[in-house]
Amino acid sequence: MTSRGGPRAAGTDGSDFKPREKVAPCYQMSASLKSEVRKLNFVHLVIWLLVAAQVTVSHLNLVSHETISSPYQWEYPYLLSLLPLLSSSLSLPNNNISYLVIAMISSGLFSVAPLIYGGMEMFPVAQLLYRHGKAYRFIFGFSAVTVMYLVMVVAVQVHAWQIYYSKKLLDSWFDATQEKKKK
C-alpha cells in the first residue's frame, strides 16, 4: 500500500494499474443503457405531462374550448402510460429484471396501443383538414390534429427507443447473471 506522502513501492512506476482495473463489458453496457433509458423516461414524462395538462385543462374548463380543444379519446388510455414509466424507473437502481419486463410489456399496451388507436381516430379529421382546409379543434390557434400528430410522432419514437434499449438492457443484465452463475 502506498500513502500520499510516503515512499512508493519498489519496482513500480505507478502505471501497472491498467491491466488490473477493467470493468467487464456487460457492466459497461449496462451503465450506458441505463443512462439512455433514463433520458427516454424523462422525455416520456414530458410528453405525458403535456397530454395530462391538456386533459386536465379541458375537463376543468380552465380556459375556453377555442384555446384548448377537448381531448381525443386516445389520450385517456395514454395517461396509463405512466405505469410503464414508473416500472422502468424502479427497475434501474437495483437491476430488477422483473420490473423491466413489466415495463416493456405494459409500454406496448399502455403507450404504443393508444398511439396507434389515436392515429386511426384522428385520420379522418386530418384528411378533412388537408383536403378542404377545415379545422374544428384548436390548441392555441393551431389545428389540434396537427399538434397531436406531432406529439404522436415524437411519442412513437420515444416508446420504440425505450422498448429497444430496455430489451438490450435486459439482455445485458441476463448475461451478467449468467456469468455470475458460471463462477
# chains A, B, ... in the order shown; residues from 1 in each chain; ligands from 1
call {"tool": "select_by_dssp", "arguments": {"residues": "region 34-159 of chain A", "states": "alpha helix (DSSP H)", "output": "count of residues only"}}
result
90
call {"tool": "closest_atom_pairs", "arguments": {"of": "region 32-80 of chain A", "to": "region 159-172 of chain A", "cutoff": "7 Å", "atoms": "only C-alpha atoms", "output": "tab-separated table"}}
result
residue	atom	partner	partner_atom	distance
A:Leu33	CA	A:Leu169	CA	5.9
A:Val37	CA	A:Gln162	CA	6.2
A:Leu40	CA	A:Gln162	CA	6.2
call {"tool": "residues_around", "arguments": {"residues": "Ile47 (chain A)", "least_positions_apart": "5", "cutoff": "12 Å", "atoms": "only C-alpha atoms", "output": "list of chain:residue names"}}
result
A:Leu40, A:Asn41, A:Phe42, A:Ala52, A:Ala53, A:Gln54, A:Glu75, A:Tyr78, A:Leu79, A:Ser81, A:Leu82, A:Leu85, A:Ser111, A:Met148, A:Leu150, A:Val151, A:Met152, A:Val153, A:Val154, A:Ala155, A:Val156, A:Gln157, A:Val158, A:His159
call {"tool": "atom_distance", "arguments": {"atom1": "CA of Glu36 (chain A)", "atom2": "CA of Pro93 (chain A)"}}
result
13.8 Å
call {"tool": "closest_residue", "arguments": {"among": "A:His65, A:Arg38, A:Arg137, A:Lys22", "to": "Ser87 (chain A)", "atoms": "only C-alpha atoms"}}
result
A:Arg38
call {"tool": "select_by_dssp", "arguments": {"residues": "chain A", "states": "strand (DSSP E or B)", "output": "ChimeraX atom specification"}}
result
/A:68,138-139,142-143
call {"tool": "write_last_selection", "arguments": {"atoms": "N, CA, C and O atoms", "output": "mmCIF file, in the first residue's frame"}}
result
data_model
loop_
_atom_site.group_PDB
_atom_site.id
_atom_site.type_symbol
_atom_site.label_atom_id
_atom_site.label_comp_id
_atom_site.auth_asym_id
_atom_site.auth_seq_id
_atom_site.Cartn_x
_atom_site.Cartn_y
_atom_site.Cartn_z
ATOM 1 N N ILE A 68 -58.005 25.715 -26.028
ATOM 2 C CA ILE A 68 -57.563 24.315 -25.925
ATOM 3 C C ILE A 68 -58.776 23.439 -26.153
ATOM 4 O O ILE A 68 -59.747 23.486 -25.398
ATOM 5 N N PHE A 138 -58.857 23.372 -31.986
ATOM 6 C CA PHE A 138 -57.627 24.155 -31.989
ATOM 7 C C PHE A 138 -56.927 24.058 -30.639
ATOM 8 O O PHE A 138 -57.570 23.909 -29.601
ATOM 9 N N ILE A 139 -55.609 24.151 -30.679
ATOM 10 C CA ILE A 139 -54.784 24.259 -29.485
ATOM 11 C C ILE A 139 -53.909 25.489 -29.678
ATOM 12 O O ILE A 139 -53.012 25.502 -30.525
ATOM 13 N N PHE A 142 -53.546 26.704 -33.272
ATOM 14 C CA PHE A 142 -53.083 25.727 -34.256
ATOM 15 C C PHE A 142 -54.093 24.589 -34.330
ATOM 16 O O PHE A 142 -54.771 24.275 -33.363
ATOM 17 N N SER A 143 -54.165 23.952 -35.471
ATOM 18 C CA SER A 143 -55.063 22.819 -35.633
ATOM 19 C C SER A 143 -54.688 21.724 -34.629
ATOM 20 O O SER A 143 -53.530 21.299 -34.558
#
call {"tool": "closest_residue", "arguments": {"among": "A:Phe110, A:Val147, A:Ser88, A:Tyr99", "to": "Lys34 (chain A)", "atoms": "only C-alpha atoms"}}
result
A:Ser88
call {"tool": "residues_around", "arguments": {"residues": "Leu80 (chain A)", "least_positions_apart": "6", "cutoff": "10 Å", "atoms": "only C-alpha atoms", "output": "short mmCIF file (atom, residue, chain, number, x, y, z; two decimals) with N, CA and C atoms, in the first residue's frame"}}
result
data_model
loop_
_atom_site.label_atom_id
_atom_site.label_comp_id
_atom_site.auth_asym_id
_atom_site.auth_seq_id
_atom_site.Cartn_x
_atom_site.Cartn_y
_atom_site.Cartn_z
N TRP A 48 -46.05 12.88 -21.38
CA TRP A 48 -47.19 12.52 -20.54
C TRP A 48 -47.76 13.76 -19.84
N SER A 106 -46.02 -3.55 -20.57
CA SER A 106 -47.04 -2.52 -20.36
C SER A 106 -46.80 -1.30 -21.24
N SER A 107 -45.58 -1.09 -21.68
CA SER A 107 -45.32 0.01 -22.61
C SER A 107 -46.02 -0.23 -23.94
N LEU A 109 -48.72 -2.00 -24.28
CA LEU A 109 -50.16 -1.97 -24.03
C LEU A 109 -50.68 -0.56 -23.73
N PHE A 110 -49.98 0.17 -22.87
CA PHE A 110 -50.47 1.47 -22.42
C PHE A 110 -49.88 2.67 -23.16
N SER A 111 -48.83 2.46 -23.93
CA SER A 111 -48.19 3.58 -24.64
C SER A 111 -48.37 3.48 -26.14
N PRO A 114 -52.42 2.95 -27.50
CA PRO A 114 -53.22 4.16 -27.61
C PRO A 114 -52.75 5.09 -28.74
#
call {"tool": "atom_distance", "arguments": {"atom1": "CA of Ser89 (chain A)", "atom2": "CA of Tyr149 (chain A)"}}
result
26.8 Å
call {"tool": "closest_residue", "arguments": {"among": "A:Gly141, A:Ala24, A:Ile116, A:Trp173", "to": "Ser64 (chain A)", "atoms": "only C-alpha atoms"}}
result
A:Gly141
call {"tool": "atom_distance", "arguments": {"atom1": "CA of Leu129 (chain A)", "atom2": "CA of Thr146 (chain A)"}}
result
9.0 Å
